[in-house]
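Peer 1: One structure coming up, written as structure tokens, with questions to follow.
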Amino acid sequence: MTSDTQPLSSWWGSFNFNSGQNKQWHIGPLTLIVRCLDGEWQVAHEIADDFDDIDASWQTTDTDLMPETLDTNSRYIFRQTSGLLSITPLLADRAIISRPITPFNLTAGEEVTLYVSSPVWLELSVGSSAKKLQEVAIQRPSDTWFGPSTREGELCYASSTHCRLNLEDLPQRPHRAITPVLIRNQADTTLSVERLNVPAPLLPLYAAANGQLWTSKISLIREKDGDMAELQIDNTSPLEAKAAEQLSKPRQTASGSALIRAFNTVFS
Amino acid sequence: MNELWADIVNFLSGEKMWSMARAIILVIVGIALAKLVSSTITKVVSKKTDSHRSMLLRRGSYYLILILFLISALHELGFNLSVLMGAAGILSVAIGFASQTSASNLISGLFLVAERPFSVGDVIRAGTTTGEVLSIDLLSVKLRTFDNLFVRIPNESLIKSEVTTLTRFPIRRIDVQVGVAYKEDLKKVRELLEQVADKNPLCLEEPKPLYIFQGFGDSSLNIQYSVWAKRENFLELKNSIHEEIKNIFDENGVEIPFPHRTIYTGNITEPFPIRYEKASDNDPSFHDQPK
């Protein structure tokens, strides 16, 4: 195996293939093999079960391994292949439910900024017109239900990490994006935060200079009457990610910068 | 011959012929218009509402227009409609007695449509039949079972008996019944079950999996472990969670017992003596003995 000639500050970007060439990516628990043939792309991936989530290593290499050796593989047929593959990180297609290590209370008038990390998907596209092949989850998060009852609610992903109060406590990993969440309690009563709904499909994704992925900052403001919550999404990269570059747009467009939601659809 | 010809010409040029022609035209126009209106309504409505409602609207509009045109055609033919209605009233009593079952199914069908316990496309279980609802008609509900059979269930039996709609709510619960040997540590078993649910991405984190100790069974400690899944993932999780529980129990030496039976000869007597005889390879008579 020889190391790829790309500058390895990031695992995403554009990659050139010769016909018959295989490349392999190891990003967190994901192993991805892409093979380029004349008129065909083959994509195979596998997610390791026993993975140390703190592991921040990743690598891109040329490989002799065939896509068939991995669990899931698919073939895409084209009239002609240009040999150009683009990998773009994406945020989850459903909201992420994050849980603090221990539930905390926010007294009336207080505010706090939490850092929530969420898993990232990667989109594979080929050619100069970026024809999409497929999306691959780097880490398949567990499903969860978020709603007042088993009849009403929405299906979300559960974040296996926890909401952190200090940025230093949050391990920097290439396969997870960090979302700064500002919570402000403007109501007269104490706000108990057990779970937090981070609307990942509404957020753009940024990359800091060190390769860490970030999303724009969101603000959750509990209104005075206590029944409603206002969700604000910044349009810019967060201050914590210095000189960040936007990698992908939000999957869904929010109806406005401020969304008023029922309290129980944001907090629980 | 000439008289007959004169009669035909007389009839064709007469008023009756014209009214008959008008009636036939009315029926033809009625059918065409009913088809056009019902298909237009379906096209307009199908994007905004579910298939069940659009089917009802389509059929309702079709029959309404057709009946109006048929009544006009009868009127054109010179039928007195009030007399016809009176006759229909008497006739309907007679028909009602004769076709009690159909009438009951018809009324049940109307109630089913009004109550909407399920709609077209839902998966329901009625008695022992489980399948996808293809259509809800006036007399019966048509199902496609998962082994691809067409089942017709009369509306009356659906109104009378219990019907379960499997696709009503977005998430479902799977109850895993598992028994462990009496020697096992229940705390450890519970931890292992939680570990399985935690690792399986299809198993929902919320609502939390439910652990219920069901009781001291004949041969095992019976446990119910209930996990939640997205409706579409129900079967996949049901298969994978059982497999994973078996695997983790095997890895950790937790025994899933089969029924044991210990035989005592009573309180006072000693247990049955057991003698073990080792078979001799050179002894052919041992192998010949019935087993």
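Every chain in the structure tokens takes a letter, A first, then B, and so on in the order presented; its residues are numbered from 1, and the ligands are numbered from 1 following the presented order.
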Output as a list in words the set of chain A residues within 7 Å of chain B, with distances taken over only C-alpha atoms.
Peer 2: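 Therefore, the residues near the partner are Arg140, Pro141, Ser142, Asp143, Thr144, Trp145, Thr150, Arg151 and Ala158 of chain A.
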Peer 1: Just the residues within 9 Å of Asn16 in chain A, please, counting only C-alpha atoms, with nothing from its chain fewer than 4 positions along; format it as a list of chain:residue names.
Peer 2: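 Selected residues are A:Ser82, A:Gly83, A:Leu84, A:Leu85, A:Ser86.
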Peer 1: Got time to write the residues from that selection, N, CA and C atoms, as a PDB file, in the first residue's frame?
Peer 2:
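Listed below is the output, again31.pdb:
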ATOM      1  N   SER A  82     -14.618   9.561 -15.918  1.00  0.00           N
ATOM      2  CA  SER A  82     -13.513  10.519 -16.031  1.00  0.00           C
ATOM      3  C   SER A  82     -12.407  10.233 -15.016  1.00  0.00           C
ATOM      4  N   GLY A  83     -12.712   9.397 -14.028  1.00  0.00           N
ATOM      5  CA  GLY A  83     -11.704   9.092 -13.006  1.00  0.00           C
ATOM      6  C   GLY A  83     -11.674  10.090 -11.864  1.00  0.00           C
ATOM      7  N   LEU A  84     -12.639  11.017 -11.858  1.00  0.00           N
ATOM      8  CA  LEU A  84     -12.664  12.038 -10.804  1.00  0.00           C
ATOM      9  C   LEU A  84     -13.749  11.700  -9.793  1.00  0.00           C
ATOM     10  N   LEU A  85     -13.333  11.554  -8.533  1.00  0.00           N
ATOM     11  CA  LEU A  85     -14.284  11.245  -7.460  1.00  0.00           C
ATOM     12  C   LEU A  85     -14.263  12.387  -6.450  1.00  0.00           C
ATOM     13  N   SER A  86     -15.443  12.843  -6.039  1.00  0.00           N
ATOM     14  CA  SER A  86     -15.522  13.882  -5.004  1.00  0.00           C
ATOM     15  C   SER A  86     -16.190  13.310  -3.771  1.00  0.00           C
TER      16      SER A  86
END
Peer 1: Could you give me the residues within range 101-246 of chain B that DSSP places in alpha helix (DSSP H), as a VMD selection string?
Peer 2: chain B and resid 101 to 115 155 to 160 186 to 199 234 to 246
Peer 1: Could the residues in this selection be saved with C-alpha atoms as a PDB file, in the first residue's frame?
Peer 2:
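Output (part-v6.pdb):
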ATOM      1  CA  THR B 101     -76.740 -10.207   4.280  1.00  0.00           C
ATOM      2  CA  SER B 102     -75.924  -7.847   1.445  1.00  0.00           C
ATOM      3  CA  ALA B 103     -77.884  -5.038   3.085  1.00  0.00           C
ATOM      4  CA  SER B 104     -76.081  -5.634   6.374  1.00  0.00           C
ATOM      5  CA  ASN B 105     -72.737  -5.588   4.582  1.00  0.00           C
ATOM      6  CA  LEU B 106     -73.742  -2.410   2.797  1.00  0.00           C
ATOM      7  CA  ILE B 107     -74.645  -0.601   6.023  1.00  0.00           C
ATOM      8  CA  SER B 108     -71.463  -1.959   7.694  1.00  0.00           C
ATOM      9  CA  GLY B 109     -69.493  -0.644   4.719  1.00  0.00           C
ATOM     10  CA  LEU B 110     -70.921   2.825   5.233  1.00  0.00           C
ATOM     11  CA  PHE B 111     -69.960   2.688   8.918  1.00  0.00           C
ATOM     12  CA  LEU B 112     -66.459   1.475   8.031  1.00  0.00           C
ATOM     13  CA  VAL B 113     -66.032   4.390   5.640  1.00  0.00           C
ATOM     14  CA  ALA B 114     -67.313   6.877   8.203  1.00  0.00           C
ATOM     15  CA  GLU B 115     -65.321   5.491  11.146  1.00  0.00           C
ATOM     16  CA  ASN B 155     -67.779  -5.652   5.898  1.00  0.00           C
ATOM     17  CA  GLU B 156     -70.198  -7.090   8.431  1.00  0.00           C
ATOM     18  CA  SER B 157     -67.555  -9.357   9.951  1.00  0.00           C
ATOM     19  CA  LEU B 158     -65.088  -6.454  10.142  1.00  0.00           C
ATOM     20  CA  ILE B 159     -67.629  -4.351  12.037  1.00  0.00           C
ATOM     21  CA  LYS B 160     -68.478  -7.205  14.392  1.00  0.00           C
ATOM     22  CA  LEU B 186     -30.410 -11.614  36.877  1.00  0.00           C
ATOM     23  CA  LYS B 187     -28.503  -8.363  37.248  1.00  0.00           C
ATOM     24  CA  LYS B 188     -25.912  -9.573  34.779  1.00  0.00           C
ATOM     25  CA  VAL B 189     -28.623 -10.826  32.395  1.00  0.00           C
ATOM     26  CA  ARG B 190     -30.298  -7.421  32.497  1.00  0.00           C
ATOM     27  CA  GLU B 191     -27.006  -5.675  31.756  1.00  0.00           C
ATOM     28  CA  LEU B 192     -26.371  -7.968  28.793  1.00  0.00           C
ATOM     29  CA  LEU B 193     -29.851  -7.292  27.389  1.00  0.00           C
ATOM     30  CA  GLU B 194     -29.309  -3.541  27.769  1.00  0.00           C
ATOM     31  CA  GLN B 195     -25.982  -3.883  26.012  1.00  0.00           C
ATOM     32  CA  VAL B 196     -27.649  -5.633  23.046  1.00  0.00           C
ATOM     33  CA  ALA B 197     -30.315  -2.923  22.740  1.00  0.00           C
ATOM     34  CA  ASP B 198     -27.687  -0.209  23.039  1.00  0.00           C
ATOM     35  CA  LYS B 199     -25.524  -1.629  20.256  1.00  0.00           C
ATOM     36  CA  PHE B 234     -39.895  -4.063  12.804  1.00  0.00           C
ATOM     37  CA  LEU B 235     -39.057  -7.367  11.140  1.00  0.00           C
ATOM     38  CA  GLU B 236     -35.370  -6.586  10.722  1.00  0.00           C
ATOM     39  CA  LEU B 237     -34.999  -5.719  14.402  1.00  0.00           C
ATOM     40  CA  LYS B 238     -37.077  -8.713  15.472  1.00  0.00           C
ATOM     41  CA  ASN B 239     -34.676 -11.018  13.660  1.00  0.00           C
ATOM     42  CA  SER B 240     -31.459  -9.289  14.659  1.00  0.00           C
ATOM     43  CA  ILE B 241     -32.279  -8.759  18.348  1.00  0.00           C
ATOM     44  CA  HIS B 242     -33.060 -12.445  18.957  1.00  0.00           C
ATOM     45  CA  GLU B 243     -29.840 -13.457  17.230  1.00  0.00           C
ATOM     46  CA  GLU B 244     -27.796 -10.922  19.186  1.00  0.00           C
ATOM     47  CA  ILE B 245     -29.312 -11.964  22.531  1.00  0.00           C
ATOM     48  CA  LYS B 246     -28.475 -15.606  21.805  1.00  0.00           C
TER      49      LYS B 246
END
Peer 1: List the spatial neighbours of Val112 in chain A as a list of chain:residue names - criterion: any atom at most 10 Å away, only C-alpha atoms, same-chain residues fewer than 2 positions off excluded.
Peer 2: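 Once the adjacent positions are removed, what remains is A:Leu106, A:Glu110, A:Leu114, A:Leu165, A:Val181, A:Leu182, A:Ile183, A:Arg184, A:Asn185, A:Ser219.
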Peer 1: Please list as a PDB file with C-alpha atoms, in the first residue's frame every residue within 12 Å of Glu68 in chain A, counting only C-alpha atoms and excluding residues in the same chain fewer than 2 positions away.
Peer 2:
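Full text of selection28.pdb as output:
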ATOM      1  CA  ASN A  22      -8.629   1.076  -5.890  1.00  0.00           C
ATOM      2  CA  LEU A  32     -14.502   2.620   2.347  1.00  0.00           C
ATOM      3  CA  ILE A  33     -13.093   1.167  -0.854  1.00  0.00           C
ATOM      4  CA  VAL A  34     -13.722   2.828  -4.206  1.00  0.00           C
ATOM      5  CA  ARG A  35     -12.689   1.153  -7.455  1.00  0.00           C
ATOM      6  CA  GLN A  42     -17.607   0.284  -7.484  1.00  0.00           C
ATOM      7  CA  VAL A  43     -18.190   1.461  -3.924  1.00  0.00           C
ATOM      8  CA  ALA A  44     -17.919  -0.765  -0.857  1.00  0.00           C
ATOM      9  CA  HIS A  45     -18.045   0.086   2.804  1.00  0.00           C
ATOM     10  CA  GLU A  46     -18.104  -1.484   6.219  1.00  0.00           C
ATOM     11  CA  ASP A  64      -5.159  -4.028  -3.565  1.00  0.00           C
ATOM     12  CA  LEU A  65      -8.253  -4.999  -1.606  1.00  0.00           C
ATOM     13  CA  MET A  66     -11.298  -5.589  -3.787  1.00  0.00           C
ATOM     14  CA  LEU A  70     -16.453  -5.561   2.477  1.00  0.00           C
ATOM     15  CA  ASP A  71     -20.037  -6.013   3.736  1.00  0.00           C
ATOM     16  CA  THR A  72     -21.929  -3.643   1.486  1.00  0.00           C
ATOM     17  CA  ASN A  73     -20.934  -2.983  -2.084  1.00  0.00           C
ATOM     18  CA  SER A  74     -22.627  -1.436  -5.085  1.00  0.00           C
ATOM     19  CA  ARG A  75     -21.752  -0.847  -8.761  1.00  0.00           C
TER      20      ARG A  75
END
Peer 1: Just give me the gap between CA of Pro154 in chain B and CA of Ser61 in chain B in Å, one decimal is fine.
Peer 2: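 We find that CA of Pro154 in chain B and CA of Ser61 in chain B lie 24.0 Å from each other.
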Peer 1: Any chance you could list, as a PyMOL selection string, the residues in range 19-164 of chain B that come up strand (DSSP E or B) when DSSP is run on the backbone?
Peer 2: chain B and resi 123-126+129-136+140-145+150-154+163-164
Peer 1: Got a sec: who's within 12 Å of Val44 in chain B, counting only C-alpha atoms, leaving out chain neighbours fewer than 5 positions off, as a ChimeraX atom specification?
Peer 2: /B:37-39,49-50,54,57-58
Peer 1: Hey, which of A:Thr102, A:Ser128, A:Thr63, A:Thr253 ends up closest to Thr81 in chain A? Count only C-alpha atoms.
Peer 2: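 Distance minimum relative to Thr81 in chain A lands on A:Ser128.
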Peer 1: Considering only C-alpha atoms, return as a list of chain:residue names whatever protein or nucleic-acid residues lie within 12 Å of Thr130 in chain B, sequence-local ones (same chain, fewer than 6 positions apart) excluded.
Peer 2: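 Skipping anything fewer than 6 positions along the chain leaves B:Asp122, B:Val123, B:Ile124, B:Lys142, B:Leu143, B:Arg144, B:Thr145, B:Phe146, B:Asp147, B:Asn148, B:Leu149, B:Phe150, B:Val151, B:Arg152, B:Ile153, B:Val163, B:Thr164, B:Thr165, B:Leu166, B:Thr167.
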Peer 1: Just the number, please: distance in Å from CA of Ser98 in chain A to CA of Arg195 in chain A, one decimal.
Peer 2: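 Answer for the CA of Ser98 in chain A to CA of Arg195 in chain A separation: 5.7 Å.
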Peer 1: What does the distance between CA of Ile87 in chain A and CA of Lys249 in chain A come to in Å, to one decimal place?
Peer 2: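 Here the two named atoms are 14.4 Å from each other.
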Peer 1: Which residues, written as a list in words, have at least one atom at most 9 Å from Leu213 in chain A, with only C-alpha atoms counted and residues fewer than 5 positions away on the same chain left out?
Peer 2: Pro89, Val120, Gln172, Arg173, Pro174, His175, Arg176, Ala177, Ile178, Leu205, Tyr206, Ala207, Ala208, Ala241 and Ala244 of chain A
